[in-house]
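So this one's coords-v3.txt, compact mmCIF, C-alpha atoms:
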# COMPACT_ATOMS: atom_id res chain seq x y z
CA MET A 1 -140.10 -28.18 -32.62
CA SER A 2 -136.61 -27.54 -31.20
CA ARG A 3 -137.97 -27.73 -27.66
CA ASN A 4 -139.37 -31.22 -28.34
CA ILE A 5 -136.04 -32.32 -29.81
CA HIS A 6 -134.22 -31.18 -26.67
CA VAL A 7 -136.67 -33.06 -24.45
CA TRP A 8 -136.35 -36.29 -26.40
CA ALA A 9 -132.56 -35.95 -26.52
CA THR A 10 -132.46 -35.60 -22.73
CA LEU A 11 -134.65 -38.68 -22.26
CA ILE A 12 -132.52 -40.71 -24.67
CA VAL A 13 -129.33 -39.71 -22.83
CA MET A 14 -130.88 -40.71 -19.49
CA THR A 15 -131.91 -44.10 -20.93
CA PHE A 16 -128.44 -44.65 -22.41
CA ILE A 17 -126.80 -43.87 -19.09
CA ALA A 18 -129.13 -46.28 -17.28
CA PHE A 19 -128.22 -49.20 -19.54
CA HIS A 20 -124.54 -48.27 -19.89
CA VAL A 21 -123.83 -48.34 -16.17
CA THR A 22 -125.95 -51.41 -15.36
CA ALA A 23 -122.87 -53.46 -14.53
CA GLN A 24 -121.52 -50.78 -12.21
CA ALA A 25 -124.65 -49.29 -10.66
CA ASP A 26 -127.84 -50.31 -8.94
CA VAL A 27 -130.74 -49.99 -11.39
CA THR A 28 -134.28 -50.29 -10.05
CA GLY A 29 -137.68 -49.25 -11.29
CA SER A 30 -141.09 -50.31 -12.49
CA LEU A 31 -143.25 -50.42 -15.60
CA ASP A 32 -147.03 -50.06 -15.31
CA ILE A 33 -149.49 -50.54 -18.17
CA ASP A 34 -153.08 -49.36 -17.74
CA ILE A 35 -155.89 -50.31 -20.13
CA ASN A 36 -159.20 -48.46 -19.71
CA MET A 37 -162.29 -49.51 -21.67
CA ILE A 38 -165.38 -47.29 -21.69
CA PRO A 39 -168.52 -48.46 -23.53
CA MET A 40 -169.87 -46.07 -26.17
CA GLY A 41 -173.41 -46.97 -25.15
CA THR A 42 -175.43 -49.30 -22.94
CA GLN A 43 -178.45 -49.88 -25.15
CA THR A 44 -177.40 -53.43 -26.10
CA GLU A 45 -175.20 -56.18 -24.69
CA ALA A 46 -172.61 -55.88 -27.47
CA VAL A 47 -171.34 -52.34 -28.00
CA LYS A 48 -168.18 -50.62 -29.16
CA TYR A 49 -165.64 -49.41 -26.59
CA ASN A 50 -163.37 -46.40 -26.32
CA ILE A 51 -159.96 -47.73 -25.27
CA ASP A 52 -157.36 -45.66 -23.47
CA LEU A 53 -153.89 -47.23 -23.18
CA GLU A 54 -151.46 -45.63 -20.74
CA SER A 55 -148.06 -46.62 -19.36
CA ASN A 56 -145.65 -45.33 -16.74
CA LEU A 57 -141.93 -46.13 -16.64
CA GLU A 58 -139.84 -45.32 -13.58
CA VAL A 59 -136.07 -45.91 -13.59
CA ASN A 60 -133.64 -45.08 -10.79
CA VAL A 61 -129.88 -45.48 -11.26
CA THR A 62 -127.68 -45.23 -8.15
CA LEU A 63 -124.00 -44.67 -8.80
CA SER A 64 -121.38 -43.58 -6.25
CA GLY A 65 -123.97 -42.14 -3.87
CA MET A 66 -125.85 -40.29 -6.59
CA THR A 67 -129.31 -41.37 -7.78
CA LEU A 68 -130.57 -40.43 -11.23
CA GLY A 69 -134.28 -40.92 -11.80
CA ALA A 70 -136.66 -40.81 -14.74
CA ASP A 71 -140.44 -40.91 -14.33
CA LEU A 72 -142.05 -41.09 -17.78
CA GLY A 73 -145.74 -41.29 -18.67
CA PHE A 74 -147.02 -42.34 -22.09
CA GLY A 75 -150.52 -42.43 -23.55
CA ILE A 76 -152.28 -42.48 -26.89
CA PRO A 77 -151.28 -38.81 -27.59
CA GLY A 78 -147.63 -39.75 -26.96
CA ILE A 79 -145.49 -38.70 -24.01
CA GLU A 80 -147.71 -37.07 -21.37
CA PHE A 81 -145.12 -36.13 -18.76
CA GLY A 82 -141.46 -36.61 -17.89
CA VAL A 83 -139.84 -35.96 -14.52
CA LEU A 84 -136.05 -36.16 -14.44
CA SER A 85 -134.51 -36.11 -10.97
CA LEU A 86 -131.18 -36.22 -9.21
CA ALA A 87 -130.60 -36.92 -5.51
CA THR A 88 -127.27 -36.96 -3.72
CA GLU A 89 -125.44 -36.03 -0.54
CA LEU A 90 -122.84 -33.27 -0.45
CA GLY A 91 -121.25 -33.66 2.95
CA ALA A 92 -124.00 -32.98 5.47
CA MET A 93 -126.33 -31.58 2.82
CA LEU A 94 -128.97 -33.55 0.93
CA VAL A 95 -129.73 -32.28 -2.59
CA PHE A 96 -132.81 -33.14 -4.64
CA ASP A 97 -133.22 -31.72 -8.13
CA GLN A 98 -136.17 -32.09 -10.52
CA PHE A 99 -136.90 -31.13 -14.12
CA VAL A 100 -140.60 -31.38 -14.97
CA PHE A 101 -141.78 -31.66 -18.58
CA ALA A 102 -145.36 -32.26 -19.68
CA THR A 103 -147.81 -32.03 -22.54
CA PRO A 104 -150.51 -29.44 -21.73
CA PHE A 105 -153.95 -31.06 -21.43
CA ALA A 106 -157.40 -29.62 -20.76
CA LEU A 107 -161.01 -30.75 -20.33
CA ASP A 108 -163.33 -30.29 -23.28
CA ASP A 109 -166.91 -31.54 -22.77
CA ASP A 110 -165.66 -33.78 -19.93
CA GLU A 111 -163.03 -35.33 -22.21
CA THR A 112 -159.29 -34.97 -21.65
CA VAL A 113 -157.73 -33.47 -24.77
CA VAL A 114 -154.32 -32.18 -25.81
CA THR A 115 -154.32 -28.39 -26.09
CA LYS A 116 -153.64 -26.61 -29.37
CA ASN A 117 -151.76 -23.43 -30.20
CA GLY A 118 -153.31 -20.39 -31.84
CA ASP A 119 -152.72 -21.89 -35.30
CA GLY A 120 -154.72 -25.04 -34.45
CA GLN A 121 -151.66 -27.30 -34.17
CA ILE A 122 -151.62 -29.92 -31.39
CA ASN A 123 -149.08 -29.15 -28.67
CA GLY A 124 -146.22 -31.43 -27.70
CA VAL A 125 -144.01 -31.66 -24.62
CA ALA A 126 -143.02 -28.42 -22.89
CA PHE A 127 -140.80 -27.46 -19.97
CA VAL A 128 -142.95 -26.80 -16.90
CA SER A 129 -140.86 -26.50 -13.76
CA LYS A 130 -137.40 -26.69 -12.23
CA ARG A 131 -137.40 -27.59 -8.51
CA ILE A 132 -134.32 -27.74 -6.26
CA GLY A 133 -134.57 -28.96 -2.68
CA LEU A 134 -131.77 -28.68 -0.09
CA SER A 135 -131.73 -30.17 3.41
CA LEU A 136 -129.02 -29.52 6.00
CA ASN A 137 -128.84 -30.58 9.65
CA LEU A 138 -126.79 -28.29 11.90
CA ALA A 139 -126.49 -29.32 15.56
CA GLY A 140 -129.98 -30.82 15.59
CA VAL A 141 -131.61 -28.00 13.64
CA ASN A 142 -132.81 -29.04 10.21
CA ILE A 143 -132.80 -26.38 7.49
CA GLU A 144 -134.74 -27.11 4.30
CA ASN A 145 -135.05 -24.93 1.22
CA LEU A 146 -137.17 -25.43 -1.88
CA ALA A 147 -136.52 -23.17 -4.88
CA VAL A 148 -138.91 -23.31 -7.83
CA PHE A 149 -138.63 -21.81 -11.30
CA GLU A 150 -141.69 -22.54 -13.42
CA ASP A 151 -144.26 -21.53 -15.98
CA VAL A 152 -147.05 -20.03 -13.86
CA ASP A 153 -149.47 -20.09 -16.81
CA PHE A 154 -149.04 -23.78 -17.70
CA PRO A 155 -152.66 -25.01 -17.89
CA ASN A 156 -154.10 -27.20 -15.18
CA PRO A 157 -155.20 -30.50 -16.83
CA PHE A 158 -158.66 -30.08 -15.26
CA SER A 159 -159.25 -26.59 -16.69
CA ASP A 160 -161.09 -25.74 -19.91
CA ASN A 161 -158.20 -23.76 -21.40
CA VAL A 162 -157.83 -25.68 -24.68
CA ILE A 163 -155.59 -23.06 -26.35
CA TYR A 164 -151.98 -22.67 -25.23
CA ASN A 165 -149.04 -21.30 -27.22
CA ILE A 166 -145.94 -23.14 -26.01
CA GLY A 167 -143.41 -21.37 -28.23
CA VAL A 168 -144.51 -17.81 -27.38
CA THR A 169 -143.29 -15.85 -24.35
CA ASN A 170 -144.57 -12.33 -23.78
CA ASN A 171 -144.21 -12.11 -19.96
CA ILE A 172 -147.90 -11.39 -19.48
CA VAL A 173 -149.50 -13.33 -16.64
CA GLY A 174 -152.85 -14.98 -17.21
CA ASP A 175 -152.86 -15.25 -20.97
CA GLN A 176 -152.39 -18.37 -23.11
CA THR A 177 -148.59 -18.23 -23.31
CA PRO A 178 -145.81 -19.30 -20.91
CA THR A 179 -144.85 -16.84 -18.18
CA TRP A 180 -141.84 -17.61 -15.99
CA GLY A 181 -141.49 -16.88 -12.30
CA PHE A 182 -139.31 -17.80 -9.31
CA GLY A 183 -140.42 -18.74 -5.79
CA ASN A 184 -138.73 -20.00 -2.65
CA GLN A 185 -139.77 -21.68 0.61
CA LEU A 186 -137.44 -21.88 3.62
CA THR A 187 -138.20 -24.24 6.51
CA ILE A 188 -136.34 -24.37 9.85
CA ILE A 189 -137.19 -27.25 12.20
CA GLY A 190 -135.81 -27.90 15.67
CA GLN A 191 -136.67 -29.69 18.88
CA THR A 192 -136.39 -28.65 22.51
CA VAL A 193 -134.85 -30.80 25.24
CA SER A 194 -138.35 -31.82 26.38
CA GLY A 195 -139.26 -33.09 22.90
CA ILE A 196 -141.35 -30.16 21.64
CA SER A 197 -140.96 -29.68 17.89
CA ILE A 198 -140.83 -26.12 16.57
CA ALA A 199 -140.90 -25.17 12.89
CA ALA A 200 -140.80 -21.87 11.02
CA ILE A 201 -141.75 -21.71 7.33
CA PHE A 202 -141.16 -18.66 5.13
CA GLY A 203 -142.62 -18.25 1.63
CA ILE A 204 -141.17 -15.73 -0.82
CA CYS A 205 -143.11 -15.62 -4.10
CA PHE A 206 -144.31 -19.07 -3.08
CA GLU A 207 -147.90 -20.26 -2.62
CA ASP A 208 -149.01 -23.13 -0.42
CA GLY A 209 -150.85 -24.81 -3.28
CA LEU A 210 -150.45 -27.55 -5.87
CA LYS A 211 -148.80 -27.48 -9.29
CA GLN A 212 -150.48 -30.07 -11.48
CA VAL A 213 -149.74 -31.69 -14.80
CA LYS A 214 -151.53 -34.73 -16.16
CA LYS A 215 -151.10 -37.59 -13.61
CA ARG A 216 -148.55 -35.77 -11.45
CA THR A 217 -148.94 -33.25 -8.62
CA PHE A 218 -146.20 -31.19 -6.96
CA PHE A 219 -146.49 -29.36 -3.64
CA GLY A 220 -145.99 -25.60 -3.74
CA ARG A 221 -146.09 -23.26 -6.71
CA VAL A 222 -144.77 -19.85 -7.74
CA ASN A 223 -146.99 -16.86 -7.00
CA PRO A 224 -148.06 -15.45 -10.40
CA ALA A 225 -147.64 -11.94 -8.98
CA CYS A 226 -143.87 -12.54 -9.10
CA ALA A 227 -143.88 -13.49 -12.78
CA GLY A 228 -144.08 -11.43 -15.91
CA GLU A 229 -142.64 -8.02 -16.65
CA PRO A 230 -141.86 -5.90 -13.53
CA SER A 231 -143.04 -2.33 -13.32
CA PRO A 232 -140.85 -0.35 -13.33
CA PRO A 233 -138.49 -2.70 -15.26
CA GLU A 234 -135.60 -2.21 -12.80
CA LYS A 235 -137.77 -3.34 -9.84
CA SER A 236 -137.27 -6.86 -8.55
CA LEU A 237 -140.37 -9.08 -8.46
CA LEU A 238 -140.07 -10.50 -4.94
CA THR A 239 -143.01 -10.59 -2.56
CA PHE A 240 -143.45 -11.98 0.93
CA ASP A 241 -146.28 -14.52 0.80
CA PHE A 242 -146.53 -16.13 4.22
CA HIS A 243 -144.80 -17.02 7.46
CA THR A 244 -146.02 -20.11 9.32
CA PHE A 245 -145.02 -20.98 12.88
CA GLN A 246 -145.73 -24.53 14.13
CA ILE A 247 -145.47 -26.18 17.56
CA GLU A 248 -146.04 -29.93 18.02
CA GLY A 249 -145.46 -32.52 20.73
CA PHE A 250 -146.61 -30.36 23.65
CA ASN A 251 -148.41 -32.28 26.40
CA LEU A 252 -150.39 -30.52 29.12
CA GLY A 253 -152.11 -32.67 31.73
CA GLY A 254 -152.45 -35.65 29.40
CA VAL A 255 -153.68 -33.53 26.49
CA ASP A 256 -151.53 -33.45 23.35
CA LEU A 257 -151.48 -29.97 21.87
CA GLU A 258 -150.27 -28.56 18.57
CA MET A 259 -150.52 -25.07 17.11
CA GLU A 260 -150.00 -23.42 13.75
CA THR A 261 -150.01 -19.67 13.18
CA THR A 262 -149.84 -18.13 9.70
CA PHE A 263 -149.11 -14.51 8.81
CA THR A 264 -149.88 -13.21 5.33
CA PRO A 265 -149.71 -9.65 3.96
CA LEU A 266 -152.91 -7.57 3.93
CA ALA A 267 -154.88 -10.32 5.68
CA PRO A 268 -155.64 -11.25 9.29
CA ALA A 269 -153.23 -13.66 10.93
CA THR A 270 -154.76 -17.11 11.48
CA ILE A 271 -154.23 -19.68 14.21
CA ASP A 272 -155.07 -23.39 14.18
CA VAL A 273 -155.01 -25.19 17.53
CA GLY A 274 -155.41 -28.96 17.82
CA ALA A 275 -155.92 -30.97 21.00
CA GLY A 276 -156.16 -34.73 21.46
CA PHE A 277 -156.62 -36.94 24.50
CA ARG A 278 -157.86 -40.40 25.50
CA LEU A 279 -160.86 -40.67 27.83
CA LEU A 280 -160.97 -43.60 30.29
CA ASP A 281 -158.53 -45.50 28.02
CA VAL A 282 -161.50 -46.23 25.74
CA VAL A 283 -162.42 -43.16 23.69
CA ASN A 284 -160.08 -40.98 21.58
CA ILE A 285 -161.15 -37.32 21.32
CA ASN A 286 -159.64 -34.75 18.97
CA VAL A 287 -160.61 -31.09 18.69
CA ASP A 288 -159.40 -28.58 16.09
CA LEU A 289 -160.07 -24.84 16.28
CA GLU A 290 -159.37 -22.26 13.56
CA ALA A 291 -159.56 -18.53 14.22
CA GLU A 292 -158.40 -15.13 13.00
CA LEU A 293 -156.23 -13.23 15.45
CA PRO A 294 -157.11 -9.64 16.45
CA SER A 295 -155.74 -6.86 14.28
CA ALA A 296 -155.99 -3.08 14.08
CA THR A 297 -159.25 -3.32 12.13
CA ASN A 298 -160.77 -6.62 13.31
CA GLY A 299 -161.21 -8.42 16.59
CA PHE A 300 -160.84 -12.11 17.35
CA ARG A 301 -163.03 -14.20 15.01
CA LEU A 302 -163.68 -17.93 15.14
CA SER A 303 -163.35 -19.35 11.63
CA GLY A 304 -164.18 -22.99 12.23
CA LEU A 305 -164.35 -25.78 14.77
CA SER A 306 -164.20 -29.53 14.34
CA ALA A 307 -164.17 -32.47 16.72
CA SER A 308 -163.90 -36.22 16.32
CA VAL A 309 -164.55 -39.14 18.66
CA SER A 310 -163.43 -42.70 18.00
CA THR A 311 -163.70 -45.94 19.90
CA GLY A 312 -163.08 -49.38 18.50
CA ALA A 313 -164.74 -49.78 15.12
CA LEU A 314 -166.79 -46.58 15.36
CA SER A 315 -165.78 -42.97 14.85
CA PHE A 316 -167.71 -39.81 14.16
CA SER A 317 -166.87 -36.16 13.69
CA PHE A 318 -168.67 -32.87 13.26
CA SER A 319 -167.62 -29.49 11.91
CA ASP A 320 -168.63 -25.88 12.31
CA THR A 321 -167.47 -24.31 9.05
CA ASP A 322 -168.54 -20.69 9.64
CA GLY A 323 -167.63 -20.13 13.28
CA ASP A 324 -171.17 -19.72 14.63
CA LEU A 325 -170.79 -22.65 17.08
CA ALA A 326 -173.54 -24.58 15.30
CA PHE A 327 -173.38 -27.99 13.61
CA ASP A 328 -172.78 -27.74 9.83
CA THR A 329 -171.47 -31.12 8.69
CA GLY A 330 -171.03 -34.54 10.28
CA PHE A 331 -169.32 -37.78 9.37
CA VAL A 332 -169.77 -41.32 10.76
CA PHE A 333 -167.33 -44.12 9.96
CA THR A 334 -167.48 -47.80 10.93
CA ASN A 335 -164.98 -50.58 10.34
CA ILE A 336 -166.35 -54.06 11.09
CA THR A 337 -164.58 -57.41 10.74
CA LEU A 338 -166.96 -60.13 9.56
CA ASN A 339 -166.35 -63.77 10.46
CA PRO A 340 -163.01 -63.00 12.17
CA ASN A 341 -162.11 -66.61 13.06
CA GLN A 342 -162.32 -68.08 9.57
CA ASN A 343 -162.21 -66.40 6.14
CA PRO A 344 -162.46 -62.87 7.58
CA ALA A 345 -163.79 -59.93 5.62
CA THR A 346 -163.88 -56.20 6.37
CA LEU A 347 -166.97 -54.04 5.94
CA THR A 348 -166.55 -50.27 6.16
CA THR A 349 -169.29 -47.68 5.97
CA SER A 350 -169.14 -43.92 5.84
CA SER A 351 -172.08 -41.53 6.22
CA THR A 352 -172.16 -37.78 5.64
CA PHE A 353 -174.67 -35.41 7.22
CA ILE A 354 -175.27 -31.76 6.35
CA LYS A 355 -177.26 -29.23 8.33
CA ASP A 356 -180.90 -28.90 7.13
CA GLU A 357 -180.30 -31.73 4.62
CA GLY A 358 -179.83 -34.76 6.84
CA LEU A 359 -178.05 -37.80 5.42
CA THR A 360 -176.50 -36.76 2.09
CA SER A 361 -174.19 -39.65 1.16
CA GLN A 362 -173.56 -43.26 2.12
CA VAL A 363 -170.65 -45.46 1.05
CA PHE A 364 -170.28 -49.22 1.66
CA THR A 365 -167.01 -51.07 1.03
CA LEU A 366 -166.46 -54.82 1.41
CA ASN A 367 -162.88 -56.10 1.35
CA LEU A 368 -161.69 -59.72 1.18
CA ARG A 369 -158.12 -60.99 1.17
CA ARG A 370 -157.23 -64.57 0.33
CA GLY A 371 -153.52 -65.29 0.12
CA SER A 372 -151.97 -62.87 -2.37
CA MET A 373 -155.34 -61.91 -3.88
CA ASN A 374 -157.49 -59.00 -2.74
CA PHE A 375 -161.13 -58.40 -3.70
CA SER A 376 -163.17 -55.32 -2.86
CA SER A 377 -166.51 -53.81 -3.77
CA THR A 378 -167.67 -50.25 -3.17
CA SER A 379 -171.20 -48.86 -3.54
CA VAL A 380 -171.96 -45.14 -3.40
CA PHE A 381 -175.33 -43.52 -2.63
CA PHE A 382 -175.85 -39.77 -2.89
CA LYS A 383 -178.72 -37.35 -2.37
CA ASP A 384 -179.92 -35.41 -5.40
CA PHE A 385 -180.33 -31.87 -4.04
CA PHE A 386 -182.06 -30.69 -7.23
CA GLY A 387 -184.50 -33.57 -7.64
CA THR A 388 -188.16 -33.50 -6.75
CA GLU A 389 -187.60 -36.19 -4.10
CA LYS A 390 -184.59 -35.47 -1.92
CA LYS A 391 -183.57 -39.04 -1.14
CA LEU A 392 -180.47 -41.16 -1.44
CA ASP A 393 -179.98 -42.53 -4.95
CA TRP A 394 -177.61 -45.26 -6.04
CA ILE A 395 -174.73 -43.64 -7.94
CA SER A 396 -172.25 -46.43 -8.67
CA THR A 397 -170.84 -49.80 -7.65
CA SER A 398 -167.32 -50.96 -8.43
CA PHE A 399 -165.66 -54.36 -8.17
CA SER A 400 -161.88 -54.67 -8.04
CA LEU A 401 -159.49 -57.60 -7.96
CA SER A 402 -155.77 -57.20 -7.34
CA GLY A 403 -152.83 -59.36 -6.39
CA VAL A 404 -149.27 -60.46 -7.01
CA LEU A 405 -148.51 -63.14 -9.59
CA SER A 406 -144.79 -63.37 -8.87
CA GLU A 407 -141.99 -61.40 -7.23
CA VAL A 408 -141.94 -58.95 -10.13
CA LEU A 409 -145.47 -58.97 -11.57
CA ASN A 410 -148.66 -57.57 -10.05
CA TYR A 411 -152.10 -56.90 -11.45
CA ALA A 412 -155.32 -55.02 -10.72
CA MET A 413 -158.71 -55.12 -12.45
CA GLN A 414 -161.74 -52.93 -11.79
CA LEU A 415 -165.26 -52.92 -13.19
CA SER A 416 -167.66 -50.04 -12.51
CA ALA A 417 -171.43 -49.89 -12.99
CA SER A 418 -174.04 -47.14 -12.61
CA PRO A 419 -177.83 -46.97 -12.98
CA THR A 420 -177.39 -46.50 -16.76
CA GLY A 421 -175.25 -49.63 -17.13
CA LEU A 422 -171.57 -50.48 -17.35
CA SER A 423 -169.38 -47.42 -16.72
CA GLY A 424 -166.01 -48.89 -17.58
CA LEU A 425 -163.39 -51.58 -17.15
CA SER A 426 -159.74 -51.07 -16.29
CA ILE A 427 -156.83 -53.52 -16.27
CA ASP A 428 -153.49 -52.60 -14.71
CA LEU A 429 -150.32 -54.66 -15.06
CA GLY A 430 -147.12 -53.78 -13.21
CA ILE A 431 -143.56 -55.06 -13.43
CA VAL A 432 -141.00 -54.29 -10.73
CA PHE A 433 -137.28 -54.63 -11.43
Same coordinates, now as structure tokens:
Amino acid sequence: MSRNIHVWATLIVMTFIAFHVTAQADVTGSLDIDINMIPMGTQTEAVKYNIDLESNLEVNVTLSGMTLGADLGFGIPGIEFGVLSLATELGAMLVFDQFVFATPFALDDDETVVTKNGDGQINGVAFVSKRIGLSLNLAGVNIENLAVFEDVDFPNPFSDNVIYNIGVTNNIVGDQTPTWGFGNQLTIIGQTVSGISIAAIFGICFEDGLKQVKKRTFFGRVNPACAGEPSPPEKSLLTFDFHTFQIEGFNLGGVDLEMETTFTPLAPATIDVGAGFRLLDVVNINVDLEAELPSATNGFRLSGLSASVSTGALSFSFSDTDGDLAFDTGFVFTNITLNPNQNPATLTTSSTFIKDEGLTSQVFTLNLRRGSMNFSSTSVFFKDFFGTEKKLDWISTSFSLSGVLSEVLNYAMQLSASPTGLSGLSIDLGIVF
């Protein structure tokens, strides 16, 4: 209970500051309201609907070179997330600071629900993460550092972990209680006289993954191996996770090259080489190769290969996902302008092919823009791999309408249908100030 009181007190103080300094500071932001209606059945024309009402308030207050921000999400269960931020310049250094709070959610029978503690009580808002970013430019060399302190056990909103004990901390990783850890990523970026960009990235107790709460995603997360109780207790929990070396902007004989090499403990080093060039000023060709570098126990091994070709409104690509130099997946994309001279419309298609399966998915999208109004329709067809007849089946069609009503008000509406009937209706209203 005390944790929730502290969270609400912080939000109230932020709101008070925003309104108190309106006359002296620049206050900007937006308010979005989303209404989602899902029919409880499709057996008749008139049915009951499940209604989900969500809102998002963003406020940024700039005062004397310092920007205070609040990104708040509300839903039927109450406050779903809160991100409080501060950005400023200290001499030549840029500082960005974030506090992330969220209510832990999970999926239960394909429904998003608020988790409960061991006593069956519904959870409220909890502290998730503290993220501090620093950026400093020294003589053309940019040094960036991201330090993260967070709960490594905070449940992913798409997981099925419906039990989580917010108020209990036992420093055991992987259970249903908070476990705190620290991670850091250091990035050094520079450029040679000839324009080649070189970057070195070091991760200490830091994973190149995503930290997710409901409706918000943050790059990078703390390695759970660095959290919990160290053994022995006097030992520091710091581990080297990765070192990435990147080179971009290198041109050799008209071919643009880029390379990324990653070193991780107890695993083969990997290299990713990309090449792109234009053939006869008509066709763009890009090739990407992934491989494992030789080590004391393994030789050179090709991990994957992909290539793409594009010209005008047509592009296609293919991938070798297992390094056997054989086609595994393919993708064809077209972008066609219909009636370009009067009332133009855009038709895009995307097709996916898989080895031994043939055409597995097809998507058609029609887009029309008239003044400040935009209309689009998307139809999806997918192959049922487990059906008796392996053919493309219609999965869904959606219709959306969006536009701007005034300088501060915008709207968006979307209706979705499937073979079983109406899937849902959503209405989004946004105010910018």
task = Give as a PyMOL selection string each residue that has an atom at most 8 Å from (-149.2, -25.8, 17.3) in the file, counting only C-alpha atoms.
result = chain A and resi 245-248+257-261+272-274
Output C-alpha atoms of each residue in that selection to a file, as a compact mmCIF listing (two decimals), in the coordinates of the input.
# COMPACT_ATOMS: atom_id res chain seq x y z
CA PHE A 245 -145.02 -20.98 12.88
CA GLN A 246 -145.73 -24.53 14.13
CA ILE A 247 -145.47 -26.18 17.56
CA GLU A 248 -146.04 -29.93 18.02
CA LEU A 257 -151.48 -29.97 21.87
CA GLU A 258 -150.27 -28.56 18.57
CA MET A 259 -150.52 -25.07 17.11
CA GLU A 260 -150.00 -23.42 13.75
CA THR A 261 -150.01 -19.67 13.18
CA ASP A 272 -155.07 -23.39 14.18
CA VAL A 273 -155.01 -25.19 17.53
CA GLY A 274 -155.41 -28.96 17.82
key: Nearest to Ala307 of chain A, chosen from A:Val404, A:Asn286, A:Pro265, A:Asp324, with all atoms listed in the file counted in the distances   =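 Looking only at the distances to Ala307 of chain A, the closest residue turns out to be A:Asn286.
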request  = Would you kindly return, as number ranges by chain, each protein, DNA or RNA residue with an atom no farther than 12 Å from any atom of Thr334 of chain A, considering all atoms listed in the file and excluding same-chain residues fewer than 2 positions away?
outcome  = A: 309-317, 331-332, 336-337, 346-351, 362-366
Provide an axis-aligned box for all listed atoms of segment 319-324 of chain A, padding each side by 5 Å; report its centre and its edge lengths in Å to one decimal, as lines of an AutoDock Vina configuration file.
center_x = -169.3
center_y = -24.6
center_z = 11.8
size_x = 13.7
size_y = 19.8
size_z = 15.6
task = Excluding Asp322 of chain A and residues on its chain fewer than 6 positions from it, collect all residues at most 8 Å away from it, counting only C-alpha atoms, and give them as a list of chain:residue names.
result = A:Leu302, A:Ser303, A:Gly304
Take the residues that were just selected and, keeping C-alpha atoms, output them as a short mmCIF file (atom, residue, chain, number, x, y, z; two decimals), in the frame of the given file.
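Printed below is result.cif as written:
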data_model
loop_
_atom_site.label_atom_id
_atom_site.label_comp_id
_atom_site.auth_asym_id
_atom_site.auth_seq_id
_atom_site.Cartn_x
_atom_site.Cartn_y
_atom_site.Cartn_z
CA LEU A 302 -163.68 -17.93 15.14
CA SER A 303 -163.35 -19.35 11.63
CA GLY A 304 -164.18 -22.99 12.23
#
How close does segment 67-157 of chain A get to segment 190-207 of chain A? List, as CSV, each residue of segment 67-157 of chain A within 12 Å, its nearest atom pair and the distance in Å to one decimal, counting only C-alpha atoms.
residue,atom,partner,partner_atom,distance
A:Leu136,CA,A:Gly190,CA,11.9
A:Asn137,CA,A:Gly190,CA,9.6
A:Leu138,CA,A:Gly190,CA,9.8
A:Ala139,CA,A:Gly190,CA,9.4
A:Gly140,CA,A:Gly190,CA,6.5
A:Val141,CA,A:Gly190,CA,4.7
A:Asn142,CA,A:Gly190,CA,6.3
A:Ile143,CA,A:Gly190,CA,8.8
A:Glu144,CA,A:Ile201,CA,9.4
A:Asn145,CA,A:Phe202,CA,9.6
A:Leu146,CA,A:Phe206,CA,9.6
A:Ala147,CA,A:Phe206,CA,9.0
A:Val148,CA,A:Phe206,CA,8.3
A:Phe149,CA,A:Phe206,CA,10.4
A:Glu150,CA,A:Phe206,CA,11.2
A:Val152,CA,A:Phe206,CA,11.2
Polymer residues at most 12 Å from (-135.2, -51.2, -12.4) by all atoms listed in the file, as a PDB file with C-alpha atoms, in the frame of the given file:
ATOM      1  CA  THR A  15    -131.910 -44.100 -20.930  1.00  0.00           C
ATOM      2  CA  ALA A  18    -129.130 -46.280 -17.280  1.00  0.00           C
ATOM      3  CA  PHE A  19    -128.220 -49.200 -19.540  1.00  0.00           C
ATOM      4  CA  THR A  22    -125.950 -51.410 -15.360  1.00  0.00           C
ATOM      5  CA  ALA A  25    -124.650 -49.290 -10.660  1.00  0.00           C
ATOM      6  CA  ASP A  26    -127.840 -50.310  -8.940  1.00  0.00           C
ATOM      7  CA  VAL A  27    -130.740 -49.990 -11.390  1.00  0.00           C
ATOM      8  CA  THR A  28    -134.280 -50.290 -10.050  1.00  0.00           C
ATOM      9  CA  GLY A  29    -137.680 -49.250 -11.290  1.00  0.00           C
ATOM     10  CA  SER A  30    -141.090 -50.310 -12.490  1.00  0.00           C
ATOM     11  CA  LEU A  31    -143.250 -50.420 -15.600  1.00  0.00           C
ATOM     12  CA  LEU A  57    -141.930 -46.130 -16.640  1.00  0.00           C
ATOM     13  CA  GLU A  58    -139.840 -45.320 -13.580  1.00  0.00           C
ATOM     14  CA  VAL A  59    -136.070 -45.910 -13.590  1.00  0.00           C
ATOM     15  CA  ASN A  60    -133.640 -45.080 -10.790  1.00  0.00           C
ATOM     16  CA  VAL A  61    -129.880 -45.480 -11.260  1.00  0.00           C
ATOM     17  CA  THR A  62    -127.680 -45.230  -8.150  1.00  0.00           C
ATOM     18  CA  LEU A  68    -130.570 -40.430 -11.230  1.00  0.00           C
ATOM     19  CA  GLY A  69    -134.280 -40.920 -11.800  1.00  0.00           C
ATOM     20  CA  ALA A  70    -136.660 -40.810 -14.740  1.00  0.00           C
ATOM     21  CA  ASP A  71    -140.440 -40.910 -14.330  1.00  0.00           C
ATOM     22  CA  VAL A 408    -141.940 -58.950 -10.130  1.00  0.00           C
ATOM     23  CA  ILE A 431    -143.560 -55.060 -13.430  1.00  0.00           C
ATOM     24  CA  VAL A 432    -141.000 -54.290 -10.730  1.00  0.00           C
ATOM     25  CA  PHE A 433    -137.280 -54.630 -11.430  1.00  0.00           C
TER      26      PHE A 433
END
